[in-house]
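S.K.: See entry_3.cif below, with mmCIF, C-alpha atoms, pLDDT in the B column; chains and numbers go by the auth columns.
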```
data_coords
loop_
_atom_site.group_PDB
_atom_site.id
_atom_site.type_symbol
_atom_site.label_atom_id
_atom_site.label_comp_id
_atom_site.label_asym_id
_atom_site.label_seq_id
_atom_site.Cartn_x
_atom_site.Cartn_y
_atom_site.Cartn_z
_atom_site.B_iso_or_equiv
_atom_site.auth_seq_id
_atom_site.auth_asym_id
ATOM 1 C CA PRO A 1 -74.517 -141.121 43.833 55.00 92 K
ATOM 2 C CA ALA A 2 -72.621 -140.265 46.983 59.00 93 K
ATOM 3 C CA ALA A 3 -71.885 -143.059 49.418 63.00 94 K
ATOM 4 C CA GLU A 4 -73.936 -142.983 52.574 70.00 95 K
ATOM 5 C CA VAL A 5 -71.951 -141.923 55.636 64.00 96 K
ATOM 6 C CA THR A 6 -72.545 -143.888 58.808 65.00 97 K
ATOM 7 C CA TRP A 7 -71.949 -141.963 62.005 65.00 98 K
ATOM 8 C CA LEU A 8 -70.810 -143.825 65.073 67.00 99 K
ATOM 9 C CA GLU A 9 -72.215 -142.806 68.409 71.00 100 K
ATOM 10 C CA PRO A 10 -70.091 -142.945 71.576 68.00 101 K
ATOM 11 C CA TYR A 11 -70.266 -146.353 73.211 66.00 102 K
ATOM 12 C CA PRO A 12 -71.676 -146.144 76.747 67.00 103 K
ATOM 13 C CA ASP A 13 -69.035 -146.902 79.377 62.00 104 K
ATOM 14 C CA ALA A 14 -71.509 -149.134 81.184 65.00 105 K
ATOM 15 C CA GLU A 15 -71.486 -151.472 78.199 64.00 106 K
ATOM 16 C CA LEU A 16 -67.707 -151.834 78.120 65.00 107 K
ATOM 17 C CA PRO A 17 -66.417 -154.780 80.140 64.00 108 K
ATOM 18 C CA GLY A 18 -63.783 -154.130 82.765 63.00 109 K
ATOM 19 C CA LEU A 19 -64.688 -150.525 83.505 60.00 110 K
ATOM 20 C CA THR A 20 -65.704 -149.761 87.034 57.00 111 K
ATOM 21 C CA ASP A 21 -67.836 -146.970 88.375 60.00 112 K
ATOM 22 C CA GLY A 22 -66.172 -144.140 90.232 67.00 113 K
ATOM 23 C CA GLU A 23 -62.579 -143.067 90.453 75.00 114 K
ATOM 24 C CA PRO A 24 -59.770 -145.260 89.147 76.00 115 K
ATOM 25 C CA GLY A 25 -57.737 -147.069 91.761 82.00 116 K
ATOM 26 C CA PRO A 26 -54.125 -146.332 92.668 87.00 117 K
ATOM 27 C CA GLU A 27 -52.777 -148.920 90.244 88.00 118 K
ATOM 28 C CA ALA A 28 -54.705 -147.454 87.308 86.00 119 K
ATOM 29 C CA ARG A 29 -53.576 -143.919 88.200 88.00 120 K
ATOM 30 C CA TYR A 30 -49.957 -145.092 88.408 91.00 121 K
ATOM 31 C CA GLU A 31 -50.178 -146.835 85.029 90.00 122 K
ATOM 32 C CA THR A 32 -51.723 -143.752 83.435 90.00 123 K
ATOM 33 C CA ARG A 33 -49.057 -141.471 84.892 90.00 124 K
ATOM 34 C CA GLU A 34 -46.285 -143.801 83.724 92.00 125 K
ATOM 35 C CA ALA A 35 -47.777 -143.994 80.218 91.00 126 K
ATOM 36 C CA VAL A 36 -47.963 -140.193 79.975 90.00 127 K
ATOM 37 C CA GLN A 37 -44.366 -139.830 81.168 90.00 128 K
ATOM 38 C CA LEU A 38 -43.117 -142.376 78.638 91.00 129 K
ATOM 39 C CA ALA A 39 -45.070 -140.697 75.837 90.00 130 K
ATOM 40 C CA PHE A 40 -43.575 -137.315 76.774 89.00 131 K
ATOM 41 C CA VAL A 41 -40.020 -138.690 76.804 90.00 132 K
ATOM 42 C CA ALA A 42 -40.585 -140.404 73.456 90.00 133 K
ATOM 43 C CA ALA A 43 -41.996 -137.204 71.940 89.00 134 K
ATOM 44 C CA ILE A 44 -39.164 -134.933 73.062 92.00 135 K
ATOM 45 C CA GLN A 45 -36.530 -137.365 71.795 92.00 136 K
ATOM 46 C CA ASP A 46 -37.687 -136.641 68.246 92.00 137 K
ATOM 47 C CA LEU A 47 -37.155 -132.882 68.605 95.00 138 K
ATOM 48 C CA PRO A 48 -34.006 -131.140 67.391 96.00 139 K
ATOM 49 C CA PRO A 49 -31.644 -130.314 70.311 96.00 140 K
ATOM 50 C CA ARG A 50 -32.394 -126.565 70.433 96.00 141 K
ATOM 51 C CA GLN A 51 -36.164 -127.085 70.392 96.00 142 K
ATOM 52 C CA ARG A 52 -35.859 -129.804 73.042 96.00 143 K
ATOM 53 C CA ALA A 53 -33.758 -127.560 75.297 97.00 144 K
ATOM 54 C CA ALA A 54 -36.108 -124.594 74.874 96.00 145 K
ATOM 55 C CA LEU A 55 -39.161 -126.732 75.627 95.00 146 K
ATOM 56 C CA LEU A 56 -37.659 -128.343 78.717 95.00 147 K
ATOM 57 C CA LEU A 57 -36.299 -125.094 80.135 96.00 148 K
ATOM 58 C CA SER A 58 -39.467 -123.127 79.486 95.00 149 K
ATOM 59 C CA ASP A 59 -42.354 -125.553 79.935 93.00 150 K
ATOM 60 C CA VAL A 60 -40.892 -128.091 82.353 92.00 151 K
ATOM 61 C CA LEU A 61 -38.542 -125.990 84.478 95.00 152 K
ATOM 62 C CA GLY A 62 -40.548 -122.767 84.205 95.00 153 K
ATOM 63 C CA TRP A 63 -37.759 -120.528 82.916 96.00 154 K
ATOM 64 C CA SER A 64 -38.701 -117.279 81.215 96.00 155 K
ATOM 65 C CA THR A 65 -37.979 -116.714 77.546 96.00 156 K
ATOM 66 C CA VAL A 66 -35.256 -114.213 78.491 97.00 157 K
ATOM 67 C CA GLU A 67 -33.566 -116.717 80.825 97.00 158 K
ATOM 68 C CA THR A 68 -33.785 -119.473 78.231 97.00 159 K
ATOM 69 C CA ALA A 69 -32.370 -117.197 75.532 97.00 160 K
ATOM 70 C CA GLY A 70 -29.495 -116.222 77.814 96.00 161 K
ATOM 71 C CA LEU A 71 -28.565 -119.819 78.524 96.00 162 K
ATOM 72 C CA LEU A 72 -28.924 -121.046 74.949 96.00 163 K
ATOM 73 C CA GLY A 73 -27.243 -117.987 73.449 94.00 164 K
ATOM 74 C CA GLY A 74 -30.055 -116.711 71.286 94.00 165 K
ATOM 75 C CA SER A 75 -32.646 -113.982 71.070 96.00 166 K
ATOM 76 C CA THR A 76 -36.051 -114.173 72.697 97.00 167 K
ATOM 77 C CA ALA A 77 -37.564 -114.277 69.203 97.00 168 K
ATOM 78 C CA SER A 78 -35.495 -117.352 68.311 97.00 169 K
ATOM 79 C CA ILE A 79 -36.545 -119.059 71.557 97.00 170 K
ATOM 80 C CA ASN A 80 -40.207 -118.250 70.914 97.00 171 K
ATOM 81 C CA SER A 81 -39.829 -119.708 67.428 97.00 172 K
ATOM 82 C CA ALA A 82 -38.175 -122.858 68.801 96.00 173 K
ATOM 83 C CA LEU A 83 -40.960 -123.224 71.369 96.00 174 K
ATOM 84 C CA GLN A 84 -43.683 -122.856 68.736 96.00 175 K
ATOM 85 C CA ARG A 85 -42.037 -125.486 66.557 96.00 176 K
ATOM 86 C CA ALA A 86 -41.489 -127.844 69.492 94.00 177 K
ATOM 87 C CA ARG A 87 -45.123 -127.577 70.569 92.00 178 K
ATOM 88 C CA ALA A 88 -46.492 -128.111 67.046 89.00 179 K
#
```
What would you get if you wrote out this structure as structure tokens?

M.R.:
Amino acid sequence: PAAEVTWLEPYPDAELPGLTDGEPGPEARYETREAVQLAFVAAIQDLPPRQRAALLLSDVLGWSTVETAGLLGGSTASINSALQRARA
């Protein structure tokens, strides 16, 4: 016989201690922003150099694929490939 699967329902926020109603305060927003920035830096450090450069130039600095390809010395197809791999 198959084992019975138990589904967990979302826990109501009101039941979790320490959560307040309304918008988070400035300190909580700062901590969240800092955590996201650190996670992004940690994630891009694991990328190969070409993928990292393509991602930063395209997604962070807003360069076009043509501009990125010109700077990195590749074709637009190779930059698109590097971007797809970096985002995966």

S.K.: What does the distance from atom CA of K:Val132 to atom CA of K:Glu114 come to in Å, to one decimal?

M.R.: 26.7 Å

S.K.: What does the distance between atom CA of K:Ala134 and atom CA of K:Gln175 come to in Å, to one decimal place?

M.R.: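 Atom-to-atom, atom CA of K:Ala134 and atom CA of K:Gln175 are spaced 14.8 Å apart.
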
S.K.: Select, from K:Asp137, K:Glu100, K:Glu122, K:Ala145, the residue with the minimum atom-to-atom distance to K:Gly164, counting all atoms listed in the file.

M.R.: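 When distances to K:Gly164 are compared using all atoms listed in the file, the smallest one comes from K:Ala145.
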
S.K.: Using all atoms listed in the file, which of the listed residues (K:Ala179, K:Ala144, K:Ala130, K:Ile170) sits closest to K:Val157?

M.R.: K:Ile170

S.K.: One decimal, Å: what's the distance from atom CA of K:Ser149 over to atom CA of K:Ala119, could you say?

M.R.: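 These two atoms are separated by 29.8 Å.
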
S.K.: Under the PyMOL selection byres ((chain K and resi 143) around 12), which residues of this model are included? Write them out as a JSON list (two decimals) with C-alpha atoms, in the frame of the given file.

M.R.:
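Produced file selection05.json, reproduced below:
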```json
[["chain", "number", "residue", "atom", "x", "y", "z"],
["K", 131, "PHE", "CA", -43.58, -137.32, 76.77],
["K", 132, "VAL", "CA", -40.02, -138.69, 76.80],
["K", 133, "ALA", "CA", -40.58, -140.40, 73.46],
["K", 134, "ALA", "CA", -42.00, -137.20, 71.94],
["K", 135, "ILE", "CA", -39.16, -134.93, 73.06],
["K", 136, "GLN", "CA", -36.53, -137.36, 71.80],
["K", 137, "ASP", "CA", -37.69, -136.64, 68.25],
["K", 138, "LEU", "CA", -37.16, -132.88, 68.60],
["K", 139, "PRO", "CA", -34.01, -131.14, 67.39],
["K", 140, "PRO", "CA", -31.64, -130.31, 70.31],
["K", 141, "ARG", "CA", -32.39, -126.56, 70.43],
["K", 142, "GLN", "CA", -36.16, -127.08, 70.39],
["K", 144, "ALA", "CA", -33.76, -127.56, 75.30],
["K", 145, "ALA", "CA", -36.11, -124.59, 74.87],
["K", 146, "LEU", "CA", -39.16, -126.73, 75.63],
["K", 147, "LEU", "CA", -37.66, -128.34, 78.72],
["K", 148, "LEU", "CA", -36.30, -125.09, 80.14],
["K", 149, "SER", "CA", -39.47, -123.13, 79.49],
["K", 150, "ASP", "CA", -42.35, -125.55, 79.94],
["K", 151, "VAL", "CA", -40.89, -128.09, 82.35],
["K", 159, "THR", "CA", -33.78, -119.47, 78.23],
["K", 163, "LEU", "CA", -28.92, -121.05, 74.95],
["K", 170, "ILE", "CA", -36.54, -119.06, 71.56],
["K", 173, "ALA", "CA", -38.17, -122.86, 68.80],
["K", 174, "LEU", "CA", -40.96, -123.22, 71.37],
["K", 175, "GLN", "CA", -43.68, -122.86, 68.74],
["K", 176, "ARG", "CA", -42.04, -125.49, 66.56],
["K", 177, "ALA", "CA", -41.49, -127.84, 69.49],
["K", 178, "ARG", "CA", -45.12, -127.58, 70.57]]
```

S.K.: Box in all listed atoms of stretch 158-168 of chain K, axis-aligned, with 3 Å more on each side; write out centre and edge lengths in Å to one decimal as lines of an AutoDock Vina configuration file.

M.R.:
```
center_x = -32.4
center_y = -117.5
center_z = 75.0
size_x = 16.3
size_y = 13.1
size_z = 17.6
```

S.K.: Need the shell around K:Ala160: protein/DNA/RNA residues with any atom at most 10 Å away, counting only C-alpha atoms. Skip same-chain ones fewer than 5 positions apart. Format as a ChimeraX atom specification?

M.R.: /K:145,148,154-155,165-171

S.K.: Starting from the sparse input, extend stretch 149-164 of chain K to N, CA and C atoms and give the output as a PDB file, in the frame of the given file.

M.R.:
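Output saved as result_12.pdb:
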```pdb
ATOM      1  N   SER K 149     -38.309-124.007  79.361  1.00 95.00           N
ATOM      2  CA  SER K 149     -39.467-123.127  79.486  1.00 95.00           C
ATOM      3  C   SER K 149     -40.670-123.824  80.121  1.00 95.00           C
ATOM      4  N   ASP K 150     -41.101-124.924  79.509  1.00 93.00           N
ATOM      5  CA  ASP K 150     -42.354-125.553  79.935  1.00 93.00           C
ATOM      6  C   ASP K 150     -42.208-126.486  81.133  1.00 93.00           C
ATOM      7  N   VAL K 151     -41.065-127.143  81.253  1.00 92.00           N
ATOM      8  CA  VAL K 151     -40.892-128.091  82.353  1.00 92.00           C
ATOM      9  C   VAL K 151     -40.285-127.402  83.574  1.00 92.00           C
ATOM     10  N   LEU K 152     -39.224-126.628  83.353  1.00 95.00           N
ATOM     11  CA  LEU K 152     -38.542-125.990  84.478  1.00 95.00           C
ATOM     12  C   LEU K 152     -39.072-124.602  84.808  1.00 95.00           C
ATOM     13  N   GLY K 153     -39.907-124.045  83.922  1.00 95.00           N
ATOM     14  CA  GLY K 153     -40.548-122.767  84.205  1.00 95.00           C
ATOM     15  C   GLY K 153     -39.679-121.542  83.991  1.00 95.00           C
ATOM     16  N   TRP K 154     -38.626-121.673  83.197  1.00 96.00           N
ATOM     17  CA  TRP K 154     -37.759-120.528  82.916  1.00 96.00           C
ATOM     18  C   TRP K 154     -38.480-119.559  81.994  1.00 96.00           C
ATOM     19  N   SER K 155     -38.139-118.281  82.120  1.00 96.00           N
ATOM     20  CA  SER K 155     -38.701-117.279  81.215  1.00 96.00           C
ATOM     21  C   SER K 155     -37.997-117.377  79.867  1.00 96.00           C
ATOM     22  N   THR K 156     -38.583-116.727  78.880  1.00 96.00           N
ATOM     23  CA  THR K 156     -37.979-116.714  77.546  1.00 96.00           C
ATOM     24  C   THR K 156     -36.622-116.011  77.583  1.00 96.00           C
ATOM     25  N   VAL K 157     -36.518-114.954  78.376  1.00 97.00           N
ATOM     26  CA  VAL K 157     -35.256-114.213  78.491  1.00 97.00           C
ATOM     27  C   VAL K 157     -34.178-115.100  79.115  1.00 97.00           C
ATOM     28  N   GLU K 158     -34.530-115.822  80.183  1.00 97.00           N
ATOM     29  CA  GLU K 158     -33.566-116.717  80.825  1.00 97.00           C
ATOM     30  C   GLU K 158     -33.126-117.828  79.880  1.00 97.00           C
ATOM     31  N   THR K 159     -34.088-118.398  79.175  1.00 97.00           N
ATOM     32  CA  THR K 159     -33.785-119.473  78.231  1.00 97.00           C
ATOM     33  C   THR K 159     -32.887-118.963  77.114  1.00 97.00           C
ATOM     34  N   ALA K 160     -33.191-117.781  76.596  1.00 97.00           N
ATOM     35  CA  ALA K 160     -32.370-117.197  75.532  1.00 97.00           C
ATOM     36  C   ALA K 160     -30.953-116.940  76.024  1.00 97.00           C
ATOM     37  N   GLY K 161     -30.819-116.475  77.254  1.00 96.00           N
ATOM     38  CA  GLY K 161     -29.495-116.222  77.814  1.00 96.00           C
ATOM     39  C   GLY K 161     -28.668-117.490  77.931  1.00 96.00           C
ATOM     40  N   LEU K 162     -29.291-118.559  78.371  1.00 96.00           N
ATOM     41  CA  LEU K 162     -28.565-119.819  78.524  1.00 96.00           C
ATOM     42  C   LEU K 162     -28.203-120.437  77.180  1.00 96.00           C
ATOM     43  N   LEU K 163     -29.145-120.399  76.245  1.00 96.00           N
ATOM     44  CA  LEU K 163     -28.924-121.046  74.949  1.00 96.00           C
ATOM     45  C   LEU K 163     -28.188-120.143  73.958  1.00 96.00           C
ATOM     46  N   GLY K 164     -27.984-118.885  74.321  1.00 94.00           N
ATOM     47  CA  GLY K 164     -27.243-117.987  73.449  1.00 94.00           C
ATOM     48  C   GLY K 164     -28.010-117.557  72.219  1.00 94.00           C
TER      49      GLY K 164
END
```
